[in-house]
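target29.cif, holding mmCIF, C-alpha atoms; chains and numbers go by the auth columns:
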data_input
#
loop_
_atom_site.group_PDB
_atom_site.id
_atom_site.type_symbol
_atom_site.label_atom_id
_atom_site.label_comp_id
_atom_site.label_asym_id
_atom_site.label_seq_id
_atom_site.Cartn_x
_atom_site.Cartn_y
_atom_site.Cartn_z
_atom_site.B_iso_or_equiv
_atom_site.auth_seq_id
_atom_site.auth_asym_id
ATOM 1 C CA MET A 1 99.516 -32.087 66.496 0.00 1178 A
ATOM 2 C CA SER A 2 102.852 -33.809 66.021 0.00 1179 A
ATOM 3 C CA GLN A 3 103.667 -36.988 67.854 0.00 1180 A
ATOM 4 C CA GLY A 4 105.368 -36.318 71.191 0.00 1181 A
ATOM 5 C CA ALA A 5 103.980 -32.792 71.566 0.00 1182 A
ATOM 6 C CA PRO A 6 102.407 -31.943 74.924 0.00 1183 A
ATOM 7 C CA ALA A 7 98.624 -32.373 75.106 0.00 1184 A
ATOM 8 C CA ASP A 8 98.111 -28.632 75.652 0.00 1185 A
ATOM 9 C CA GLY A 9 99.685 -27.877 72.250 0.00 1186 A
ATOM 10 C CA SER A 10 102.666 -26.025 73.707 0.00 1187 A
ATOM 11 C CA ARG A 11 106.089 -26.584 72.255 0.00 1188 A
ATOM 12 C CA THR A 12 109.115 -27.752 74.134 0.00 1189 A
ATOM 13 C CA GLN A 13 112.617 -26.391 73.775 0.00 1190 A
ATOM 14 C CA ALA A 14 115.436 -28.683 72.689 0.00 1191 A
ATOM 15 C CA PRO A 15 118.340 -28.831 75.172 0.00 1192 A
ATOM 16 C CA ALA A 16 120.847 -27.520 72.598 0.00 1193 A
ATOM 17 C CA LEU A 17 118.685 -24.443 72.204 0.00 1194 A
ATOM 18 C CA ALA A 18 117.723 -23.859 75.822 0.00 1195 A
ATOM 19 C CA ALA A 19 120.349 -21.242 76.704 0.00 1196 A
ATOM 20 C CA GLY A 20 118.709 -18.541 74.577 0.00 1197 A
ATOM 21 C CA LYS A 21 115.289 -16.957 74.716 0.00 1198 A
ATOM 22 C CA GLU A 22 112.405 -19.279 73.943 0.00 1199 A
ATOM 23 C CA GLN A 23 112.111 -19.934 70.224 0.00 1200 A
ATOM 24 C CA ARG A 24 109.600 -21.964 68.285 0.00 1201 A
ATOM 25 C CA VAL A 25 111.369 -25.243 67.667 0.00 1202 A
ATOM 26 C CA THR A 26 111.024 -26.293 64.050 0.00 1203 A
ATOM 27 C CA LYS A 27 112.527 -29.194 62.122 0.00 1204 A
ATOM 28 C CA GLN A 28 114.718 -26.678 60.295 0.00 1205 A
ATOM 29 C CA ARG A 29 115.971 -25.046 63.507 0.00 1206 A
ATOM 30 C CA LEU A 30 116.756 -28.453 65.005 0.00 1207 A
ATOM 31 C CA ALA A 31 118.587 -29.513 61.822 0.00 1208 A
ATOM 32 C CA VAL A 32 120.727 -26.347 61.808 0.00 1209 A
ATOM 33 C CA SER A 33 121.473 -26.768 65.509 0.00 1210 A
ATOM 34 C CA ALA A 34 122.412 -30.441 65.068 0.00 1211 A
ATOM 35 C CA ALA A 35 124.695 -29.645 62.133 0.00 1212 A
ATOM 36 C CA LEU A 36 126.474 -26.972 64.182 0.00 1213 A
ATOM 37 C CA ASP A 37 126.923 -29.484 67.007 0.00 1214 A
ATOM 38 C CA ASP A 38 128.726 -31.796 64.571 0.00 1215 A
ATOM 39 C CA LEU A 39 131.173 -29.153 63.317 0.00 1216 A
ATOM 40 C CA ALA A 40 134.429 -28.240 65.031 0.00 1217 A
ATOM 41 C CA ASP A 41 135.231 -25.067 63.104 0.00 1218 A
ATOM 42 C CA PHE A 42 133.402 -21.928 62.029 0.00 1219 A
ATOM 43 C CA VAL A 43 131.147 -22.300 59.013 0.00 1220 A
ATOM 44 C CA SER A 44 129.513 -19.813 56.670 0.00 1221 A
ATOM 45 C CA THR A 45 125.787 -19.901 56.029 0.00 1222 A
ATOM 46 C CA GLN A 46 126.406 -21.177 52.504 0.00 1223 A
ATOM 47 C CA GLU A 47 128.665 -23.973 53.776 0.00 1224 A
ATOM 48 C CA LEU A 48 126.128 -24.964 56.412 0.00 1225 A
ATOM 49 C CA HIS A 49 123.339 -24.919 53.809 0.00 1226 A
ATOM 50 C CA ARG A 50 125.403 -27.235 51.574 0.00 1227 A
ATOM 51 C CA ILE A 51 125.981 -29.614 54.523 0.00 1228 A
ATOM 52 C CA LEU A 52 122.256 -29.667 55.290 0.00 1229 A
ATOM 53 C CA GLN A 53 121.444 -30.400 51.632 0.00 1230 A
ATOM 54 C CA GLU A 54 123.988 -33.256 51.591 0.00 1231 A
ATOM 55 C CA ARG A 55 122.244 -34.709 54.656 0.00 1232 A
ATOM 56 C CA GLY A 56 118.944 -34.591 52.795 0.00 1233 A
ATOM 57 C CA THR A 57 117.539 -31.841 55.013 0.00 1234 A
ATOM 58 C CA THR A 58 115.324 -29.311 53.271 0.00 1235 A
ATOM 59 C CA VAL A 59 116.145 -25.856 54.618 0.00 1236 A
ATOM 60 C CA SER A 60 116.227 -22.840 52.328 0.00 1237 A
ATOM 61 C CA LEU A 61 119.277 -20.589 52.313 0.00 1238 A
ATOM 62 C CA ALA A 62 117.146 -17.675 53.567 0.00 1239 A
ATOM 63 C CA THR A 63 115.857 -19.775 56.471 0.00 1240 A
ATOM 64 C CA SER A 64 119.404 -20.861 57.269 0.00 1241 A
ATOM 65 C CA TYR A 65 120.435 -17.197 57.487 0.00 1242 A
ATOM 66 C CA ARG A 66 117.497 -16.379 59.780 0.00 1243 A
ATOM 67 C CA ILE A 67 118.118 -19.346 62.078 0.00 1244 A
ATOM 68 C CA LEU A 68 121.844 -18.650 62.394 0.00 1245 A
ATOM 69 C CA GLN A 69 121.190 -14.985 63.156 0.00 1246 A
ATOM 70 C CA SER A 70 118.598 -15.969 65.759 0.00 1247 A
ATOM 71 C CA LEU A 71 121.032 -18.423 67.387 0.00 1248 A
ATOM 72 C CA ALA A 72 123.725 -15.718 67.411 0.00 1249 A
ATOM 73 C CA ASP A 73 121.310 -13.147 68.884 0.00 1250 A
ATOM 74 C CA ASP A 74 120.457 -15.635 71.631 0.00 1251 A
ATOM 75 C CA GLY A 75 124.149 -16.230 72.388 0.00 1252 A
ATOM 76 C CA LEU A 76 123.952 -19.878 71.341 0.00 1253 A
ATOM 77 C CA VAL A 77 126.614 -19.568 68.648 0.00 1254 A
ATOM 78 C CA ASP A 78 129.566 -17.293 68.097 0.00 1255 A
ATOM 79 C CA VAL A 79 129.575 -15.222 64.944 0.00 1256 A
ATOM 80 C CA LEU A 80 132.545 -13.408 63.535 0.00 1257 A
ATOM 81 C CA ARG A 81 133.875 -12.163 60.241 0.00 1258 A
ATOM 82 C CA ASN A 82 136.486 -14.278 58.507 0.00 1259 A
ATOM 83 C CA ALA A 83 139.450 -12.795 56.620 0.00 1260 A
ATOM 84 C CA ASP A 84 137.156 -12.227 53.606 0.00 1261 A
ATOM 85 C CA GLY A 85 134.616 -10.314 55.723 0.00 1262 A
ATOM 86 C CA GLU A 86 132.032 -13.109 55.516 0.00 1263 A
ATOM 87 C CA ALA A 87 130.028 -13.963 58.669 0.00 1264 A
ATOM 88 C CA VAL A 88 130.878 -17.410 60.014 0.00 1265 A
ATOM 89 C CA TYR A 89 129.241 -19.293 62.882 0.00 1266 A
ATOM 90 C CA ARG A 90 130.185 -21.957 65.416 0.00 1267 A
ATOM 91 C CA ARG A 91 128.736 -23.479 68.539 0.00 1268 A
ATOM 92 C CA CYS A 92 131.396 -22.656 71.112 0.00 1269 A
ATOM 93 C CA ALA A 93 132.402 -24.822 74.027 0.00 1270 A
ATOM 94 C CA VAL A 94 133.272 -21.817 76.182 0.00 1271 A
ATOM 95 C CA THR A 95 130.381 -19.954 77.722 0.00 1272 A
ATOM 96 C CA GLY A 96 130.753 -16.290 78.475 0.00 1273 A
ATOM 97 C CA HIS A 97 132.879 -13.697 76.769 0.00 1274 A
ATOM 98 C CA HIS A 98 135.950 -14.985 74.955 0.00 1275 A
ATOM 99 C CA HIS A 99 138.051 -14.432 71.854 0.00 1276 A
ATOM 100 C CA HIS A 100 139.441 -16.572 69.039 0.00 1277 A
ATOM 101 C CA LEU A 101 142.686 -17.386 67.278 0.00 1278 A
ATOM 102 C CA LEU A 102 141.782 -18.241 63.671 0.00 1279 A
ATOM 103 C CA CYS A 103 143.893 -19.941 61.023 0.00 1280 A
ATOM 104 C CA ARG A 104 143.738 -18.027 57.741 0.00 1281 A
ATOM 105 C CA ASN A 105 144.446 -21.213 55.806 0.00 1282 A
ATOM 106 C CA CYS A 106 142.387 -24.078 57.265 0.00 1283 A
ATOM 107 C CA GLY A 107 139.879 -22.170 59.412 0.00 1284 A
ATOM 108 C CA LYS A 108 140.870 -23.835 62.691 0.00 1285 A
ATOM 109 C CA ALA A 109 139.667 -21.803 65.678 0.00 1286 A
ATOM 110 C CA VAL A 110 141.012 -21.774 69.220 0.00 1287 A
ATOM 111 C CA GLU A 111 138.966 -20.152 71.969 0.00 1288 A
ATOM 112 C CA VAL A 112 141.006 -17.976 74.328 0.00 1289 A
ATOM 113 C CA GLU A 113 140.334 -15.863 77.360 0.00 1290 A
ATOM 114 C CA ALA A 114 142.267 -12.625 77.463 0.00 1291 A
ATOM 115 C CA PRO A 115 142.072 -10.827 80.821 0.00 1292 A
ATOM 116 C CA ALA A 116 144.613 -8.210 79.682 0.00 1293 A
ATOM 117 C CA VAL A 117 142.398 -7.354 76.694 0.00 1294 A
ATOM 118 C CA GLU A 118 139.349 -7.086 78.968 0.00 1295 A
ATOM 119 C CA ALA A 119 141.185 -4.703 81.301 0.00 1296 A
ATOM 120 C CA TRP A 120 142.474 -2.614 78.369 0.00 1297 A
ATOM 121 C CA ALA A 121 139.001 -2.378 76.802 0.00 1298 A
ATOM 122 C CA ALA A 122 137.383 -1.302 80.095 0.00 1299 A
ATOM 123 C CA ARG A 123 140.137 1.233 80.811 0.00 1300 A
ATOM 124 C CA THR A 124 140.060 2.685 77.290 0.00 1301 A
ATOM 125 C CA ALA A 125 136.262 3.003 77.312 0.00 1302 A
ATOM 126 C CA LYS A 126 136.306 4.673 80.725 0.00 1303 A
ATOM 127 C CA GLU A 127 139.027 7.130 79.677 0.00 1304 A
ATOM 128 C CA HIS A 128 136.807 8.261 76.813 0.00 1305 A
ATOM 129 C CA GLY A 129 133.539 8.298 78.774 0.00 1306 A
ATOM 130 C CA PHE A 130 131.995 5.309 77.010 0.00 1307 A
ATOM 131 C CA THR A 131 129.533 3.028 78.815 0.00 1308 A
ATOM 132 C CA ALA A 132 127.707 -0.199 77.919 0.00 1309 A
ATOM 133 C CA VAL A 133 130.781 -1.196 75.915 0.00 1310 A
ATOM 134 C CA GLU A 134 131.133 -4.412 73.944 0.00 1311 A
ATOM 135 C CA HIS A 135 134.116 -5.620 71.945 0.00 1312 A
ATOM 136 C CA THR A 136 135.388 -8.486 69.846 0.00 1313 A
ATOM 137 C CA VAL A 137 138.968 -9.534 69.288 0.00 1314 A
ATOM 138 C CA GLU A 138 139.838 -12.094 66.657 0.00 1315 A
ATOM 139 C CA ILE A 139 143.475 -12.906 65.922 0.00 1316 A
ATOM 140 C CA PHE A 140 144.205 -14.306 62.457 0.00 1317 A
ATOM 141 C CA GLY A 141 147.332 -16.262 61.655 0.00 1318 A
ATOM 142 C CA LEU A 142 148.492 -19.730 60.687 0.00 1319 A
ATOM 143 C CA CYS A 143 147.913 -22.662 63.025 0.00 1320 A
ATOM 144 C CA PRO A 144 150.852 -24.929 63.935 0.00 1321 A
ATOM 145 C CA ASP A 145 149.760 -27.613 61.418 0.00 1322 A
ATOM 146 C CA CYS A 146 149.574 -25.169 58.483 0.00 1323 A
ATOM 147 C CA THR A 147 152.870 -23.581 59.519 0.00 1324 A
ATOM 148 C CA ALA A 148 154.536 -27.022 59.648 0.00 1325 A
ATOM 149 C CA LYS A 149 153.217 -27.783 56.155 0.00 1326 A
ATOM 150 C CA GLY A 150 154.852 -24.590 54.895 0.00 1327 A
ATOM 151 C CA LEU A 151 151.551 -22.929 54.065 0.00 1328 A
ATOM 152 C CA LEU A 152 152.789 -19.407 54.666 0.00 1329 A
ATOM 153 C CA THR A 153 149.926 -17.499 53.081 0.00 1330 A
ATOM 154 C CA GLY A 154 148.872 -13.931 53.708 0.00 1331 A
#
Show how you would write the structure in this file as structure tokens.
Amino acid sequence: MSQGAPADGSRTQAPALAAGKEQRVTKQRLAVSAALDDLADFVSTQELHRILQERGTTVSLATSYRILQSLADDGLVDVLRNADGEAVYRRCAVTGHHHHLLCRNCGKAVEVEAPAVEAWAARTAKEHGFTAVEHTVEIFGLCPDCTAKGLLTG
């Protein structure tokens, strides 16, 4: 039994992971969670894996994928597709449903609430007889810093 584990052999849940369903807390899961806590912007699995390797943490790429998907399934991280269609992940400060403005150049993300979008989505679903509806809205553009630097890509 590892040091600090309860005498009955049960495992405890780390605070950063507590919002989701109970998961077995492993060194790898804690390392992925800690790395996400340190990052401000969305990161791909490959980028996160590289960061973990640079920190000297041994986590396979396949395990990184599984952990990130588990965290996303539990609502502990946001996942979206970047402009290239690649899944990217980030621990979000906003709890509950929200959307993002994403810079196509530097990857900066801004969390936004959009009540008008919520009303439109509910109304549109109802008009077409849809129930149990979910949606995502991601707006891609250039952030003010990239615009000021003249980085008018895309």
Selection in question (the file shown): the PyMOL selection byres ((chain A and resi 1228) around 12). Which residues does it include, as a compact mmCIF listing (two decimals) with C-alpha atoms, in the coordinates of the input?
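Writing done, so here's part14.txt:
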# COMPACT_ATOMS: atom_id res chain seq x y z
CA ALA A 1208 118.59 -29.51 61.82
CA VAL A 1209 120.73 -26.35 61.81
CA ALA A 1211 122.41 -30.44 65.07
CA ALA A 1212 124.70 -29.64 62.13
CA LEU A 1213 126.47 -26.97 64.18
CA ASP A 1215 128.73 -31.80 64.57
CA LEU A 1216 131.17 -29.15 63.32
CA VAL A 1220 131.15 -22.30 59.01
CA SER A 1221 129.51 -19.81 56.67
CA THR A 1222 125.79 -19.90 56.03
CA GLN A 1223 126.41 -21.18 52.50
CA GLU A 1224 128.66 -23.97 53.78
CA LEU A 1225 126.13 -24.96 56.41
CA HIS A 1226 123.34 -24.92 53.81
CA ARG A 1227 125.40 -27.24 51.57
CA LEU A 1229 122.26 -29.67 55.29
CA GLN A 1230 121.44 -30.40 51.63
CA GLU A 1231 123.99 -33.26 51.59
CA ARG A 1232 122.24 -34.71 54.66
CA GLY A 1233 118.94 -34.59 52.80
CA THR A 1234 117.54 -31.84 55.01
CA THR A 1235 115.32 -29.31 53.27
CA VAL A 1236 116.14 -25.86 54.62
CA LEU A 1238 119.28 -20.59 52.31
CA SER A 1241 119.40 -20.86 57.27
| field | Picked residues, the PyMOL selection byres ((chain A and resi 1260) around 10), as a list in words | value | Leu1257, Arg1258, Asn1259, Asp1261, Gly1262, Glu1263, Ala1264, Leu1279, Cys1280, Arg1281, Asn1282, Gly1284, Phe1317, Gly1318 and Gly1331 of chain A
| message | Using all atoms listed in the file, which protein or nucleic acid residues come within 9 Å of A:Lys1285? Drop anything in the same chain fewer than 6 positions from it, and give the result as a list in words. | response | Ala1217, Asp1218, Phe1219, Leu1278, Leu1279, Leu1319 and Cys1320 of chain A
So what does the PyMOL selection byres ((chain A and resi 1256) around 6) actually pick up in this one, as a PDB file with C-alpha atoms, keeping the file's coordinate frame?
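Result written to selection.pdb:
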ATOM      1  CA  ASP A1255     129.566 -17.293  68.097  1.00  0.00           C
ATOM      2  CA  LEU A1257     132.545 -13.408  63.535  1.00  0.00           C
ATOM      3  CA  VAL A1265     130.878 -17.410  60.014  1.00  0.00           C
ATOM      4  CA  TYR A1266     129.241 -19.293  62.882  1.00  0.00           C
TER       5      TYR A1266
END
| When distances are computed from only C-alpha atoms, which of A:Leu1207, A:Val1310, A:Asp1214, A:Cys1283 shows the smallest separation from A:Asp1322? | A:Cys1283
| Could you state the separation of atom CA of A:Glu1290 and atom CA of A:Cys1269 in Å, given to one decimal place? |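 We find that atom CA of A:Glu1290 and atom CA of A:Cys1269 lie 12.8 Å from each other.
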| field | Atomic separation - atom CA of A:Tyr1242 relative to atom CA of A:Lys1204, Å | value |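 Interatomic distance here is 15.1 Å.
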| field | Counting only C-alpha atoms, the residue of A:Arg1201, A:Lys1326, A:His1305, A:His1312 that sits nearest A:His1276 | value |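 For A:His1276, the nearest of the candidates is A:His1312.
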| field | Between atom CA of A:Val1289 and atom CA of A:Ile1316, distance in Å (one decimal) | value | 10.1 Å
| said: Show me, as a PyMOL selection string, the residues that have an atom within 9 Å of stretch 1291-1297 of chain A when counting only C-alpha atoms, minus same-chain residues fewer than 3 positions from it. | reply: chain A and resi 1275-1276+1300-1302+1312+1314
| note | One residue among A:Thr1308, A:Thr1324, A:Thr1203, A:Ser1210 is nearest to A:Ala1249 when using all atoms listed in the file, and that residue is A:Ser1210
Given 5 Å of margin on each side, can you work out the centre and size in Å (one decimal) of an axis-aligned box holding every listed atom of stretch 1203-1210 of chain A, as JSON?
{"center_x": 116.2, "center_y": -27.3, "center_z": 62.9, "size_x": 20.4, "size_y": 14.5, "size_z": 15.2}
| task | Kindly indicate which residue among A:Thr1313, A:Gln1246, A:Ala1325, A:Lys1303 lies nearest to A:His1274, using all atoms listed in the file for the distances. | result |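 So, comparing all the options, the nearest one is A:Thr1313.
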